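Structure file my_file23.cif with mmCIF, C-alpha atoms (C1' of nucleotides):
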data_start
loop_
_atom_site.label_atom_id
_atom_site.label_comp_id
_atom_site.auth_asym_id
_atom_site.auth_seq_id
_atom_site.Cartn_x
_atom_site.Cartn_y
_atom_site.Cartn_z
CA MET A 16 7.62 -19.01 -10.60
CA TRP A 17 7.01 -15.58 -9.03
CA PRO A 18 9.35 -12.76 -8.10
CA GLU A 19 9.44 -11.26 -4.63
CA PHE A 20 6.49 -8.88 -4.59
CA ARG A 21 6.88 -5.48 -2.97
CA SER A 22 3.29 -5.64 -1.78
CA ARG A 23 0.03 -7.42 -2.57
CA CYS A 24 -1.22 -4.42 -4.56
CA PRO A 25 -2.18 -5.75 -7.99
CA VAL A 26 -0.67 -2.77 -9.82
CA ALA A 27 2.62 -3.03 -7.92
CA SER A 28 2.65 -6.81 -8.44
CA ALA A 29 2.16 -6.51 -12.19
CA LEU A 30 5.04 -4.04 -12.22
CA ASP A 31 7.24 -6.50 -10.32
CA ILE A 32 6.87 -8.71 -13.41
CA VAL A 33 6.71 -6.30 -16.35
CA GLY A 34 7.83 -3.00 -14.83
CA ASP A 35 11.11 -2.33 -16.57
CA ARG A 36 12.35 -0.77 -19.79
CA TRP A 37 12.28 -3.91 -21.95
CA THR A 38 9.90 -6.68 -20.88
CA LEU A 39 6.77 -5.23 -22.48
CA ILE A 40 8.70 -4.39 -25.65
CA VAL A 41 9.68 -8.05 -25.99
CA LEU A 42 6.04 -9.04 -25.52
CA ARG A 43 4.91 -6.42 -28.04
CA THR A 44 7.28 -7.92 -30.60
CA MET A 45 5.85 -11.38 -29.98
CA PHE A 46 2.29 -10.06 -30.43
CA ALA A 47 3.58 -8.77 -33.78
CA GLY A 48 4.23 -12.37 -34.83
CA ARG A 49 7.94 -12.71 -34.16
CA HIS A 50 8.98 -15.87 -32.35
CA ARG A 51 12.67 -16.49 -32.91
CA TYR A 52 15.56 -14.95 -31.02
CA GLY A 53 16.96 -13.19 -34.05
CA GLU A 54 13.55 -11.75 -34.93
CA LEU A 55 13.08 -10.52 -31.37
CA ALA A 56 16.52 -8.90 -31.37
CA ASP A 57 16.02 -7.10 -34.68
CA ILE A 58 13.77 -4.24 -33.54
CA PRO A 59 14.05 -0.47 -33.98
CA GLU A 60 14.59 0.05 -30.25
CA LYS A 61 17.96 -1.76 -30.38
CA ILE A 62 17.73 -4.14 -27.44
CA SER A 63 21.10 -5.62 -26.52
CA THR A 64 21.36 -9.38 -26.72
CA ASN A 65 22.22 -10.01 -23.08
CA ILE A 66 19.10 -8.11 -22.00
CA LEU A 67 16.94 -10.00 -24.50
CA ALA A 68 18.26 -13.36 -23.28
CA ASP A 69 17.65 -12.32 -19.67
CA ARG A 70 14.07 -11.15 -20.33
CA LEU A 71 13.17 -14.28 -22.27
CA GLU A 72 14.38 -16.39 -19.36
CA ARG A 73 12.43 -14.29 -16.87
CA LEU A 74 9.27 -14.38 -18.98
CA GLU A 75 9.56 -18.14 -19.25
CA ASP A 76 10.16 -18.47 -15.50
CA PHE A 77 7.03 -16.44 -14.82
CA GLY A 78 4.96 -18.45 -17.28
CA LEU A 79 4.23 -15.65 -19.74
CA ILE A 80 5.97 -17.36 -22.64
CA THR A 81 7.06 -20.87 -23.63
CA LYS A 82 10.36 -21.86 -25.21
CA THR A 83 10.22 -24.86 -27.54
CA ALA A 84 12.77 -26.34 -29.94
CA TYR A 85 11.76 -26.24 -33.58
CA GLN A 86 14.84 -28.27 -34.60
CA GLN A 87 17.71 -30.22 -33.10
CA ASN A 88 21.30 -30.06 -34.41
CA PRO A 89 21.87 -27.27 -33.94
CA PRO A 90 19.16 -26.65 -31.35
CA ARG A 91 16.96 -23.75 -32.37
CA TYR A 92 14.11 -22.41 -30.29
CA GLN A 93 10.93 -20.47 -30.73
CA TYR A 94 9.12 -18.44 -28.14
CA HIS A 95 5.35 -18.20 -27.86
CA LEU A 96 2.95 -16.36 -25.61
CA THR A 97 1.02 -18.36 -23.05
CA GLU A 98 -2.51 -17.41 -22.05
CA LYS A 99 -1.02 -15.46 -19.15
CA GLY A 100 1.29 -13.56 -21.47
CA ALA A 101 -1.27 -12.96 -24.21
CA ASP A 102 -3.65 -11.68 -21.57
CA LEU A 103 -1.42 -8.61 -21.20
CA LEU A 104 -2.65 -7.40 -24.60
CA PRO A 105 -5.21 -4.98 -23.06
CA VAL A 106 -2.41 -3.34 -21.08
CA LEU A 107 -0.41 -2.79 -24.27
CA GLN A 108 -3.50 -1.58 -26.10
CA GLU A 109 -4.23 1.01 -23.43
CA MET A 110 -0.60 2.14 -23.40
CA ALA A 111 -0.63 2.55 -27.17
CA ALA A 112 -3.95 4.41 -27.03
CA TRP A 113 -2.57 6.74 -24.36
CA ALA A 114 0.58 7.42 -26.36
CA ALA A 115 -1.48 8.07 -29.50
CA ARG A 116 -3.57 10.63 -27.61
CA HIS A 117 -0.78 12.39 -25.74
CA ILE A 118 2.53 12.05 -27.60
CA PRO A 119 2.77 13.65 -31.02
CA ASP A 120 3.94 11.88 -34.12
CA ARG A 121 3.75 8.23 -33.02
CA TRP A 122 3.24 5.38 -35.48
CA SER A 123 -0.39 4.41 -35.77
CA SER A 124 -1.31 0.97 -34.49
CA PRO A 125 -2.58 -1.58 -37.02
CA PRO A 126 -6.08 -3.06 -36.67
CA TRP A 127 -4.80 -6.53 -35.72
CA PHE A 128 -3.34 -4.85 -32.64
CA THR A 129 -6.05 -2.34 -31.81
CA GLU A 130 -8.89 -4.79 -32.29
CA GLY A 131 -7.08 -8.00 -31.34
CA LYS A 132 -8.06 -10.18 -28.44
CA PRO A 133 -5.66 -12.12 -26.21
CA GLU A 134 -6.96 -15.51 -27.36
CA HIS A 135 -5.86 -14.79 -30.92
CA PHE A 136 -2.24 -14.78 -29.82
CA TYR A 137 -1.61 -18.06 -28.10
CA PRO A 138 -1.76 -21.65 -29.38
CA HIS A 139 -5.20 -23.26 -29.36
CA GLY A 140 -6.69 -20.03 -27.96
CA MET B 6 9.00 18.14 -22.16
CA TRP B 7 9.66 14.71 -23.70
CA PRO B 8 12.41 12.15 -23.14
CA GLU B 9 14.47 10.76 -25.99
CA PHE B 10 12.25 8.11 -27.51
CA ARG B 11 13.77 4.81 -28.57
CA SER B 12 11.38 4.66 -31.51
CA ARG B 13 8.05 6.10 -32.63
CA CYS B 14 6.22 2.93 -31.55
CA PRO B 15 3.43 4.05 -29.18
CA VAL B 16 4.03 1.19 -26.74
CA ALA B 17 7.77 1.83 -26.62
CA SER B 18 7.17 5.57 -26.26
CA ALA B 19 4.77 5.11 -23.34
CA LEU B 20 7.42 2.92 -21.72
CA ASP B 21 10.03 5.64 -22.20
CA ILE B 22 7.87 7.71 -19.86
CA VAL B 23 6.39 5.21 -17.40
CA GLY B 24 8.46 2.08 -18.01
CA ASP B 25 10.33 1.64 -14.76
CA ARG B 26 9.78 0.13 -11.33
CA TRP B 27 8.32 3.21 -9.63
CA THR B 28 6.63 5.77 -11.87
CA LEU B 29 3.29 3.98 -12.15
CA ILE B 30 3.30 3.27 -8.42
CA VAL B 31 3.59 6.99 -7.71
CA LEU B 32 0.68 7.64 -10.08
CA ARG B 33 -1.35 4.84 -8.48
CA THR B 34 -0.86 6.50 -5.09
CA MET B 35 -2.07 9.83 -6.49
CA PHE B 36 -5.18 8.15 -7.96
CA ALA B 37 -5.76 6.91 -4.40
CA GLY B 38 -6.11 10.52 -3.28
CA ARG B 39 -2.68 11.25 -1.86
CA HIS B 40 -1.15 14.52 -2.94
CA ARG B 41 1.60 15.49 -0.52
CA TYR B 42 5.19 14.30 -0.53
CA GLY B 43 4.93 12.61 2.83
CA GLU B 44 1.74 10.81 1.81
CA LEU B 45 3.35 9.64 -1.43
CA ALA B 46 6.38 8.36 0.46
CA ASP B 47 4.38 6.43 3.04
CA ILE B 48 3.36 3.40 0.98
CA PRO B 49 3.72 -0.34 1.59
CA GLU B 50 6.22 -0.71 -1.27
CA LYS B 51 8.81 1.44 0.59
CA ILE B 52 9.96 3.84 -2.09
CA SER B 53 13.13 5.68 -1.13
CA THR B 54 12.88 9.45 -0.92
CA ASN B 55 15.48 10.27 -3.56
CA ILE B 56 13.62 8.07 -6.08
CA LEU B 57 10.31 9.66 -5.18
CA ALA B 58 11.74 13.19 -5.61
CA ASP B 59 13.26 12.19 -8.95
CA ARG B 60 10.02 10.65 -10.26
CA LEU B 61 7.92 13.63 -9.19
CA GLU B 62 10.28 15.93 -11.08
CA ARG B 63 10.17 13.72 -14.16
CA LEU B 64 6.38 13.45 -14.06
CA GLU B 65 6.11 17.21 -13.78
CA ASP B 66 8.58 17.68 -16.64
CA PHE B 67 6.52 15.38 -18.82
CA GLY B 68 3.27 17.11 -17.91
CA LEU B 69 1.63 14.20 -16.13
CA ILE B 70 1.37 15.98 -12.79
CA THR B 71 1.43 19.55 -11.47
CA LYS B 72 3.26 20.81 -8.40
CA THR B 73 1.63 23.71 -6.57
CA ALA B 74 2.33 25.36 -3.24
CA TYR B 75 -0.46 25.08 -0.69
CA GLN B 76 1.40 27.36 1.75
CA GLN B 77 4.42 29.63 1.95
CA ASN B 78 6.78 29.82 4.95
CA PRO B 79 7.73 27.11 4.98
CA PRO B 80 6.87 26.25 1.38
CA ARG B 81 4.76 23.12 1.14
CA TYR B 82 3.63 21.58 -2.09
CA GLN B 83 0.91 19.34 -3.39
CA TYR B 84 0.98 17.21 -6.50
CA HIS B 85 -2.02 16.62 -8.74
CA LEU B 86 -2.66 14.61 -11.86
CA THR B 87 -3.11 16.49 -15.11
CA GLU B 88 -5.45 15.23 -17.81
CA LYS B 89 -2.47 13.53 -19.41
CA GLY B 90 -1.58 11.79 -16.18
CA ALA B 91 -5.12 10.87 -15.20
CA ASP B 92 -5.61 9.43 -18.66
CA LEU B 93 -3.25 6.61 -17.70
CA LEU B 94 -5.97 5.17 -15.46
CA PRO B 95 -7.06 2.57 -18.04
CA VAL B 96 -3.49 1.26 -18.18
CA LEU B 97 -3.46 0.83 -14.40
CA GLN B 98 -6.92 -0.73 -14.47
CA GLU B 99 -5.85 -3.31 -17.05
CA MET B 100 -2.69 -4.07 -15.10
CA ALA B 101 -4.67 -4.59 -11.92
CA ALA B 102 -7.19 -6.76 -13.76
CA TRP B 103 -4.39 -8.86 -15.21
CA ALA B 104 -2.76 -9.28 -11.82
CA ALA B 105 -6.09 -10.22 -10.25
CA ARG B 106 -6.59 -12.92 -12.88
CA HIS B 107 -3.07 -14.36 -12.91
CA ILE B 108 -1.33 -13.74 -9.59
CA PRO B 109 -2.79 -15.42 -6.52
CA ASP B 110 -3.64 -13.61 -3.34
CA ARG B 111 -3.57 -9.96 -4.47
CA TRP B 112 -5.59 -7.23 -2.74
CA SER B 113 -8.88 -6.66 -4.47
CA SER B 114 -9.31 -3.29 -6.14
CA PRO B 115 -11.97 -0.94 -4.75
CA PRO B 116 -14.88 0.20 -6.97
CA TRP B 117 -13.63 3.81 -7.19
CA PHE B 118 -10.61 2.36 -8.95
CA THR B 119 -12.19 -0.38 -11.03
CA GLU B 120 -15.06 1.78 -12.20
CA GLY B 121 -13.35 5.16 -12.13
CA LYS B 122 -12.82 7.31 -15.16
CA PRO B 123 -9.80 9.55 -15.82
CA GLU B 124 -11.83 12.76 -15.64
CA HIS B 125 -12.75 12.04 -12.03
CA PHE B 126 -9.11 12.40 -11.02
CA TYR B 127 -7.97 15.80 -12.24
CA PRO B 128 -9.14 19.29 -11.36
CA HIS B 129 -12.17 20.58 -13.28
CA GLY B 130 -12.39 17.19 -15.13
"C1'" DC C 12 38.79 -29.67 -47.33
"C1'" DA C 13 39.23 -25.11 -45.68
"C1'" DT C 14 37.12 -20.81 -45.05
"C1'" DA C 15 33.18 -17.91 -44.32
"C1'" DG C 16 28.56 -17.30 -42.66
"C1'" DT C 17 24.41 -17.77 -39.63
"C1'" DC C 18 21.98 -18.38 -35.34
"C1'" DA C 19 21.52 -18.10 -30.60
"C1'" DC C 20 23.40 -16.89 -27.26
"C1'" DT C 21 27.48 -15.68 -23.38
"C1'" DT C 22 31.14 -12.90 -21.38
"C1'" DG C 23 33.61 -8.75 -19.91
"C1'" DC C 24 33.58 -4.27 -18.75
"C1'" DA C 25 32.02 0.60 -18.38
"C1'" DT C 26 28.05 3.48 -17.45
"C1'" DT C 27 23.67 4.39 -15.47
"C1'" DT C 28 20.08 3.70 -12.24
"C1'" DA C 29 18.33 2.14 -7.79
"C1'" DG C 30 18.57 1.45 -2.79
"C1'" DC C 31 19.73 2.70 1.94
"C1'" DA C 32 20.88 5.74 5.57
"C1'" DA C 33 21.86 10.02 7.21
"C1'" DG C 34 21.83 15.02 6.82
"C1'" DT C 35 19.68 19.72 5.85
"C1'" DT C 36 16.39 23.71 5.85
"C1'" DG C 37 12.75 26.35 7.63
"C1'" DC C 38 9.44 26.76 10.30
"C1'" DT C 39 6.10 25.11 14.56
"C1'" DT C 40 5.10 23.20 18.91
"C1'" DT C 41 6.24 22.16 23.86
"C1'" DA D 28 15.75 26.26 24.27
"C1'" DA D 29 14.90 21.80 22.56
"C1'" DA D 30 12.32 18.70 19.86
"C1'" DG D 31 9.45 17.78 15.89
"C1'" DC D 32 7.80 17.84 11.20
"C1'" DA D 33 7.66 18.25 6.07
"C1'" DA D 34 10.11 18.01 2.12
"C1'" DC D 35 13.67 17.13 0.31
"C1'" DT D 36 19.28 16.41 -0.62
"C1'" DT D 37 23.67 14.05 -0.23
"C1'" DG D 38 26.87 10.23 -0.06
"C1'" DC D 39 27.81 5.78 -0.91
"C1'" DT D 40 27.01 0.94 -2.26
"C1'" DA D 41 24.68 -2.39 -5.12
"C1'" DA D 42 22.23 -3.75 -9.06
"C1'" DA D 43 20.73 -3.11 -13.81
"C1'" DT D 44 21.73 -1.61 -18.38
"C1'" DG D 45 24.52 -0.84 -22.61
"C1'" DC D 46 28.12 -1.93 -25.80
"C1'" DA D 47 31.34 -4.79 -28.03
"C1'" DA D 48 33.41 -8.91 -28.73
"C1'" DG D 49 33.56 -13.90 -28.27
"C1'" DT D 50 31.69 -18.86 -28.52
"C1'" DG D 51 29.69 -23.32 -30.32
"C1'" DA D 52 27.24 -25.89 -33.55
"C1'" DC D 53 26.20 -26.40 -37.55
"C1'" DT D 54 25.57 -24.99 -43.13
"C1'" DA D 55 26.97 -23.22 -47.39
"C1'" DT D 56 30.71 -21.85 -50.67
"C1'" DG D 57 35.04 -22.13 -53.36
#
Just give me the structure of the file as structure tokens.
Amino acid sequence: MWPEFRSRCPVASALDIVGDRWTLIVLRTMFAGRHRYGELADIPEKISTNILADRLERLEDFGLITKTAYQQNPPRYQYHLTEKGADLLPVLQEMAAWAARHIPDRWSSPPWFTEGKPEHFYPHG
Amino acid sequence: MWPEFRSRCPVASALDIVGDRWTLIVLRTMFAGRHRYGELADIPEKISTNILADRLERLEDFGLITKTAYQQNPPRYQYHLTEKGADLLPVLQEMAAWAARHIPDRWSSPPWFTEGKPEHFYPHG
DNA sequence: CATAGTCACTTGCATTTAGCAAGTTGCTTT
DNA sequence: AAAGCAACTTGCTAAATGCAAGTGACTATG
């Protein structure tokens, strides 16, 4: 369920879960409405497929996303944010706002992202 | 000044700067009022000194912190947040809030952190 | 019916980054 | 003269990342 935490500091603990180069990019893509492996792999940042598979497994282990089959034969899966995962939206929003203020020439965030709330992004929320 | 960005997405770009296991922990420690190398090294998460030196150099390169001498002979330095660096406070606040909500048994954040504003944490701000 | 294509991964291997311990430099203190 | 301290640096091992190719279970095409 949880990784080994470096300390009980909440910032450090959050980073033990999402503090790497790819995890938050996978979550960002899911906020953008993509739920299948192929859709999550086809992003401008060029994530390699072994990393994507690893992060999806980790995110599922930590309860930030769910993996459910949308068909059998051949088995095909879709990934969705849980409440815990969707609740990271404010972190992504603040990161995007910071980048918009301090890094030139970034893409502008759409209103569904800037004004969205976590409960809009998980089933029954 | 800037790293090579994977894309112009603001979230991905922010992660190109702070998206690793240690960078935000170094910044957290500086928000907590520590400014000297030894103080930044002496944290419960046990950062190794080569990583700390590397992250301080990166953060200075990217303009998130400044390095200034507070004495000559022997030269001793102190590190301070710039406006750009201090402006990451909302990201840390949202991370801490998320961890407090979803990970059991974390330390509770002090009011100077929870209620702080970026301009309280850089010179002349 | 055979071949080609798609999806969702998995495997192998090279490169990069992180982690740990010990060493170095230039003073200061005993 | 010897020990200590601050701020790193170096060497080496281990882990994570990146890239390309391969796999299995179908589905669609000629």
Enumerate as a VMD selection string the residues belonging to chain A that approach chain C to within 8 Å, with all atoms listed in the file taken into account. chain A and resid 52 to 53 64 to 65 68 91
Which residues are close to Tyr127 of chain B, i.e. within 9 Å by only C-alpha atoms (C1' of nucleotides), leaving aside same-chain residues fewer than 5 positions away? Reply as a list in words. His85, Leu86, Thr87, Glu88, Gly90 and Ala91 of chain B
Apply the PyMOL selection byres ((chain D) within 8 of (chain B)) to the structure shown and report the selected residues as a ChimeraX atom specification. /D:33-36
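Interatomic distance, atom CA of Ala29 of chain A against atom CA of Gln98 of chain B: 11.0 Å.
Distance-wise, atom CA of Val26 of chain A and atom CA of Arg106 of chain B end up 12.1 Å apart.
When the distance limit is 10 Å and all atoms listed in the file are what count, the residues near segment 119-132 of chain A, minus those fewer than 3 positions from it on the same chain, are Arg43, Phe46, Ala47, Ala101, Asp102, Leu103, Leu104, Pro105, Leu107, Gln108, Glu109, Ala111, Ala112, Ala114, Ala115, Arg116, His135, Phe136 and Gly140 of chain A; Ser12, Arg13, Cys14, Pro15, Val16, Ala17 and Ser18 of chain B.
When the PyMOL selection byres ((chain D and resi 44) around 8) is run on the displayed coordinates, the residues it returns are Ile66 of chain A; DT27 of chain C; DA43 and DG45 of chain D.
Coordinates place atom CA of Ala74 of chain B at a distance of 22.5 Å from atom CA of Ser53 of chain B.
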Nearest to chain B, restricted to all atoms listed in the file and choosing among A:Gln87, A:Arg70, A:Gly78, A:Met110, comes out as A:Met110
To test your reading of the syntax: which residues would the PyMOL selection byres ((chain B and resi 73) around 7) return for the file shown? Reply as a PyMOL selection string. chain B and resi 71-72+74-75+82-84
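Using all atoms listed in the file, the nearest neighbour of chain A within the list B:Ile70, B:Val23, B:Leu45, B:Glu50 is B:Glu50.
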Edge lengths and centre in Å, axis-aligned, segment 29-42 of chain B plus 4 Å each side, as lines of an AutoDock Vina configuration file:
center_x = -0.5
center_y = 9.4
center_z = -6.3
size_x = 19.3
size_y = 20.2
size_z = 19.6
